[in-house]
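Visitor: Shown below is the structure under consideration.
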Amino acid sequence: MMAALWAAIVLALPACKRYSDVSAPSPSLAPQGQATLAPGQFLDSAQQVIEPAWVGAQAVKAAYVLIGEAHTSACDHQMQAQVLALMVQAGMPPAVGLEMVSLDAQPILDLFNKGIIGLDELEERLRWSQTWGFPFEIYRPIFETARRFELPLYALNVPRDVARKVGRVGLKGLTMEERLGLPSKIIPVPKAQEEFLRSVFDSHPFGKPKDRKAAWESFITVQALWDTAMARRAVETRVATRRPVAVIAGGGHVENGWGIASRLAVFDPTGQRLLLMPWRGGQAPDPSQADMFFYCPEVKRPRLGLTLETKNSAVTVVAVEAGSRAETAGLKPGDVFVKAQGAEVKALSDLHSATMRATEEGGTLRLEILRDGRPETLLVPLPDIRSGS
């Protein structure tokens, strides 16, 4: 009964065509060479610059605006914030769905939405560095824009512990409390995306063949859970707010319409979907990847050259890339991380956060590890990204 009521509410919302059916031409400017492009410009698939106001006008026609990102790109997050502002200026303030916040943290976002807590307190209350790991400061423009225009924020993602458990035992193995807010069924990964994910998975070493099979099944299940849950939550947000929903998520959940968008087509088939992705330069944007693009050049970040495994809150080195910073520092397969930059390492995000802090300070990453049960300290030199070295 409740499912039927929920579906009826969705279908009662204004119906929209899919974005690909909209025939309005874009007011493209003259084709731009890569050398003349400036970061922050919007482009169509022909690599032509398009007016920001037109981007906003098209965005407000959509029920769902999916804006991809690289989590470490400050430029990407500035452009996501700009799209939110453009939608406000076009007369349709969106609700904002966040991949980086899990469902159990919605009460904290509600306090922010009501103006009870501010930005600095929000970072602390969300335990951002522990639960997400990528620097809060580069996401700050999104939250500042939401506060400025009173755009309600909604958590989209599944709590990490719950996602890991689903990877091991499936939805049926969850407790009633763990099932709260999750979809009743996981929509499988589209075939084309599965082939792509398989190639990514196969490029990483992972123990014995039997272990690899179990790891692949867990990997693909969790990927499908994330995208299904985020899509379902986006539809619920549209129902609750009667606003378009701007989804802020990693590019892997947006590109090609595979991830969140394909599930939105199931949950809300009449809801128009607009996809925006960052473009790094080089060859013209792939029109199958998104409807529009924004130019944010790639910023090189140091790669440690590690393949890691997390099990029972222990992050262990599986493989070390030859010639990498990790090899130079002396890391070996089997090493278990204890601390990085003085902070405990219990998840990959902890190590990532410590690496980002050390990099931005232009210093050295200090690692405390266990090797064959004995403690050791290793120092990994990192480039100073402020000087471009």
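Labels used: A, B, ... for chains in the order of the structure tokens, numbers from 1 for residues in each chain, and numbers from 1 for ligands as shown.
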Compile the contact shell of segment 191-202 of chain A as a ChimeraX atom specification: residues with an atom at most 12 Å away, counting only C-alpha atoms, same-chain residues fewer than 3 positions apart removed.

Guide: /A:187-188,205-207,209,212-213,215-221,223-224,227,252-260,262,289,307

Visitor: Segment 283-288 of chain A: which residues within 7 Å, counting only C-alpha atoms, same-chain residues fewer than 6 positions away excluded, as JSON, numbers by chain?

Guide: {"A": [45, 46, 47, 256]}

Visitor: Hey, what does DSSP flag as helix (DSSP H, G or I) within segment 118-319 of chain A? Can you give it to me as a VMD selection string?

Guide: chain A and resid 119 to 125 128 to 131 136 to 149 160 to 169 171 to 173 176 to 179 191 to 202 209 to 241 251 to 253 255 to 257 260 to 267

Visitor: How many Å lie between atom CA of Thr228 of chain A and atom CA of Arg263 of chain A, rounded to one decimal?

Guide: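 For atom CA of Thr228 of chain A relative to atom CA of Arg263 of chain A, the distance reads 5.9 Å.
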
Visitor: Any idea what's packed within 8 Å of segment 373-381 of chain A, counting only C-alpha atoms, ignoring anything in its chain fewer than 5 positions away? Could you give it as a ChimeraX atom specification?

Guide: /A:325-326,328-331,363-368

Visitor: Just want the 8 Å neighbourhood of segment 84-101 of chain A, counted on only C-alpha atoms, with same-chain residues fewer than 6 positions away dropped. Output as a PyMOL selection string.

Guide: chain A and resi 52-53+55-57+59-60+126+132+145-146+149+151-157+230+234+237-238+241+243-250

Visitor: Please save C-alpha atoms of the selected residues as a tab-separated table (two decimals), in the first residue's frame.

Guide:
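As a result, result.tsv now contains:
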chain	number	residue	atom	x	y	z
A	52	PRO	CA	26.31	29.90	-18.24
A	53	ALA	CA	22.81	31.39	-18.35
A	55	VAL	CA	23.17	26.04	-18.78
A	56	GLY	CA	20.98	27.28	-15.93
A	57	ALA	CA	17.95	27.56	-18.21
A	59	ALA	CA	19.05	22.71	-15.79
A	60	VAL	CA	15.78	24.03	-14.41
A	126	LEU	CA	29.52	15.20	10.05
A	132	TRP	CA	34.59	11.05	3.65
A	145	THR	CA	25.98	28.35	-1.95
A	146	ALA	CA	23.39	26.17	-0.23
A	149	PHE	CA	20.28	30.57	-1.26
A	151	LEU	CA	18.92	25.26	-0.63
A	152	PRO	CA	18.02	22.18	1.44
A	153	LEU	CA	20.72	19.51	1.64
A	154	TYR	CA	19.95	15.78	1.60
A	155	ALA	CA	22.19	12.80	2.33
A	156	LEU	CA	22.17	10.23	-0.47
A	157	ASN	CA	24.61	7.50	0.35
A	230	MET	CA	21.28	7.33	-4.19
A	234	ALA	CA	16.98	11.55	-4.96
A	237	THR	CA	13.92	14.24	-2.09
A	238	ARG	CA	12.03	15.44	-5.16
A	241	THR	CA	10.61	19.19	-1.54
A	243	ARG	CA	11.95	20.92	-6.27
A	244	PRO	CA	14.39	19.70	-8.90
A	245	VAL	CA	17.22	17.76	-7.31
A	246	ALA	CA	20.85	18.59	-8.02
A	247	VAL	CA	22.92	15.48	-7.31
A	248	ILE	CA	26.56	16.08	-6.34
A	249	ALA	CA	28.46	12.84	-6.92
A	250	GLY	CA	31.65	11.31	-8.23

Visitor: Please identify which residues in segment 85-130 of chain A DSSP calls strand (DSSP E) from the backbone, and express them as a list in words.

Guide: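 Output for segment 85-130 of chain A, strand (DSSP E) only: Ala95, Val96, Gly97, Leu98, Glu99, Met100, Val101 and Ser102 of chain A.
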
Visitor: Please identify all polymer residues within 10 Å of segment 37-42 of chain A, counting only C-alpha atoms, omitting same-chain residues fewer than 5 positions from it, and present them as a list in words.

Guide: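 In the requested format, the answer is Ser28, Pro31, Gln32, Gln47, Gln48, Val49, Ile50, Glu51, Pro52, Trp54, Val55, Cys75, Asp76, Gln78, Met79, Gln82, Leu276, Met277, Pro278, Trp279, Arg280, Gly281, Met292, Phe293, Phe294, Tyr295, Cys296 and Pro297 of chain A.
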
Visitor: Only N, CA and C atoms, please: the residues just picked out, written as a PDB file, in the first residue's frame.

Guide:
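Output below, filename again-v7.pdb:
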ATOM      1  N   SER A  28      25.900  28.484 -28.678  1.00  0.00           N
ATOM      2  CA  SER A  28      27.337  28.230 -28.601  1.00  0.00           C
ATOM      3  C   SER A  28      28.113  29.419 -29.131  1.00  0.00           C
ATOM      4  N   PRO A  31      34.065  28.075 -31.760  1.00  0.00           N
ATOM      5  CA  PRO A  31      34.869  26.972 -31.236  1.00  0.00           C
ATOM      6  C   PRO A  31      36.135  27.495 -30.585  1.00  0.00           C
ATOM      7  N   GLN A  32      36.501  26.867 -29.489  1.00  0.00           N
ATOM      8  CA  GLN A  32      37.644  27.320 -28.719  1.00  0.00           C
ATOM      9  C   GLN A  32      38.752  26.278 -28.784  1.00  0.00           C
ATOM     10  N   GLN A  47      32.915  20.714 -28.166  1.00  0.00           N
ATOM     11  CA  GLN A  47      33.996  21.504 -27.587  1.00  0.00           C
ATOM     12  C   GLN A  47      33.778  22.995 -27.815  1.00  0.00           C
ATOM     13  N   GLN A  48      32.534  23.414 -27.914  1.00  0.00           N
ATOM     14  CA  GLN A  48      32.211  24.820 -28.053  1.00  0.00           C
ATOM     15  C   GLN A  48      31.748  25.366 -26.707  1.00  0.00           C
ATOM     16  N   VAL A  49      32.199  26.559 -26.399  1.00  0.00           N
ATOM     17  CA  VAL A  49      31.825  27.193 -25.145  1.00  0.00           C
ATOM     18  C   VAL A  49      30.369  27.634 -25.222  1.00  0.00           C
ATOM     19  N   ILE A  50      29.617  27.385 -24.155  1.00  0.00           N
ATOM     20  CA  ILE A  50      28.217  27.797 -24.092  1.00  0.00           C
ATOM     21  C   ILE A  50      28.008  28.715 -22.892  1.00  0.00           C
ATOM     22  N   GLU A  51      27.023  29.566 -23.004  1.00  0.00           N
ATOM     23  CA  GLU A  51      26.763  30.583 -21.987  1.00  0.00           C
ATOM     24  C   GLU A  51      26.276  29.953 -20.680  1.00  0.00           C
ATOM     25  N   PRO A  52      26.793  30.411 -19.534  1.00  0.00           N
ATOM     26  CA  PRO A  52      26.313  29.895 -18.242  1.00  0.00           C
ATOM     27  C   PRO A  52      24.804  30.047 -18.069  1.00  0.00           C
ATOM     28  N   TRP A  54      22.499  29.878 -20.231  1.00  0.00           N
ATOM     29  CA  TRP A  54      21.800  28.827 -20.973  1.00  0.00           C
ATOM     30  C   TRP A  54      21.880  27.507 -20.223  1.00  0.00           C
ATOM     31  N   VAL A  55      23.027  27.253 -19.601  1.00  0.00           N
ATOM     32  CA  VAL A  55      23.165  26.042 -18.785  1.00  0.00           C
ATOM     33  C   VAL A  55      22.119  26.053 -17.671  1.00  0.00           C
ATOM     34  N   CYS A  75      38.348  22.796  -8.489  1.00  0.00           N
ATOM     35  CA  CYS A  75      37.642  23.421  -9.611  1.00  0.00           C
ATOM     36  C   CYS A  75      36.298  22.752  -9.852  1.00  0.00           C
ATOM     37  N   ASP A  76      36.254  21.425  -9.787  1.00  0.00           N
ATOM     38  CA  ASP A  76      34.990  20.703  -9.990  1.00  0.00           C
ATOM     39  C   ASP A  76      33.940  21.160  -8.990  1.00  0.00           C
ATOM     40  N   GLN A  78      33.803  23.999  -7.338  1.00  0.00           N
ATOM     41  CA  GLN A  78      33.404  25.375  -7.619  1.00  0.00           C
ATOM     42  C   GLN A  78      32.371  25.416  -8.737  1.00  0.00           C
ATOM     43  N   MET A  79      32.548  24.557  -9.741  1.00  0.00           N
ATOM     44  CA  MET A  79      31.595  24.513 -10.848  1.00  0.00           C
ATOM     45  C   MET A  79      30.261  23.915 -10.412  1.00  0.00           C
ATOM     46  N   GLN A  82      28.492  26.618  -8.851  1.00  0.00           N
ATOM     47  CA  GLN A  82      28.006  27.569  -9.839  1.00  0.00           C
ATOM     48  C   GLN A  82      26.720  27.079 -10.492  1.00  0.00           C
ATOM     49  N   LEU A 276      25.957  16.577 -16.229  1.00  0.00           N
ATOM     50  CA  LEU A 276      27.099  17.444 -16.456  1.00  0.00           C
ATOM     51  C   LEU A 276      28.343  16.760 -15.902  1.00  0.00           C
ATOM     52  N   MET A 277      29.420  16.806 -16.685  1.00  0.00           N
ATOM     53  CA  MET A 277      30.666  16.168 -16.276  1.00  0.00           C
ATOM     54  C   MET A 277      31.843  17.113 -16.481  1.00  0.00           C
ATOM     55  N   PRO A 278      32.873  16.984 -15.665  1.00  0.00           N
ATOM     56  CA  PRO A 278      34.097  17.746 -15.914  1.00  0.00           C
ATOM     57  C   PRO A 278      34.815  17.233 -17.150  1.00  0.00           C
ATOM     58  N   TRP A 279      35.487  18.141 -17.830  1.00  0.00           N
ATOM     59  CA  TRP A 279      36.316  17.787 -18.984  1.00  0.00           C
ATOM     60  C   TRP A 279      37.709  18.323 -18.726  1.00  0.00           C
ATOM     61  N   ARG A 280      38.732  17.494 -18.956  1.00  0.00           N
ATOM     62  CA  ARG A 280      40.105  17.848 -18.584  1.00  0.00           C
ATOM     63  C   ARG A 280      40.925  18.401 -19.738  1.00  0.00           C
ATOM     64  N   GLY A 281      40.365  18.486 -20.929  1.00  0.00           N
ATOM     65  CA  GLY A 281      41.133  18.944 -22.071  1.00  0.00           C
ATOM     66  C   GLY A 281      41.528  17.783 -22.963  1.00  0.00           C
ATOM     67  N   MET A 292      26.313  17.994 -21.001  1.00  0.00           N
ATOM     68  CA  MET A 292      27.139  19.198 -21.015  1.00  0.00           C
ATOM     69  C   MET A 292      28.406  18.911 -20.212  1.00  0.00           C
ATOM     70  N   PHE A 293      29.387  19.805 -20.390  1.00  0.00           N
ATOM     71  CA  PHE A 293      30.661  19.638 -19.708  1.00  0.00           C
ATOM     72  C   PHE A 293      31.121  20.982 -19.150  1.00  0.00           C
ATOM     73  N   PHE A 294      31.997  20.927 -18.163  1.00  0.00           N
ATOM     74  CA  PHE A 294      32.681  22.137 -17.708  1.00  0.00           C
ATOM     75  C   PHE A 294      34.176  21.842 -17.679  1.00  0.00           C
ATOM     76  N   TYR A 295      34.950  22.844 -18.070  1.00  0.00           N
ATOM     77  CA  TYR A 295      36.393  22.654 -18.223  1.00  0.00           C
ATOM     78  C   TYR A 295      37.116  22.922 -16.909  1.00  0.00           C
ATOM     79  N   CYS A 296      37.694  21.869 -16.375  1.00  0.00           N
ATOM     80  CA  CYS A 296      38.536  21.962 -15.190  1.00  0.00           C
ATOM     81  C   CYS A 296      39.796  21.137 -15.476  1.00  0.00           C
ATOM     82  N   PRO A 297      40.917  21.799 -15.739  1.00  0.00           N
ATOM     83  CA  PRO A 297      42.143  21.043 -16.047  1.00  0.00           C
ATOM     84  C   PRO A 297      42.510  20.105 -14.911  1.00  0.00           C
TER      85      PRO A 297
END

Visitor: In Å, how far is it from atom CA of Ile108 of chain A to atom CA of Ser129 of chain A?

Guide: 15.4 Å

Visitor: Atom CA of Ala319 of chain A and atom CA of Gln130 of chain A, how far apart in Å?

Guide: 24.5 Å
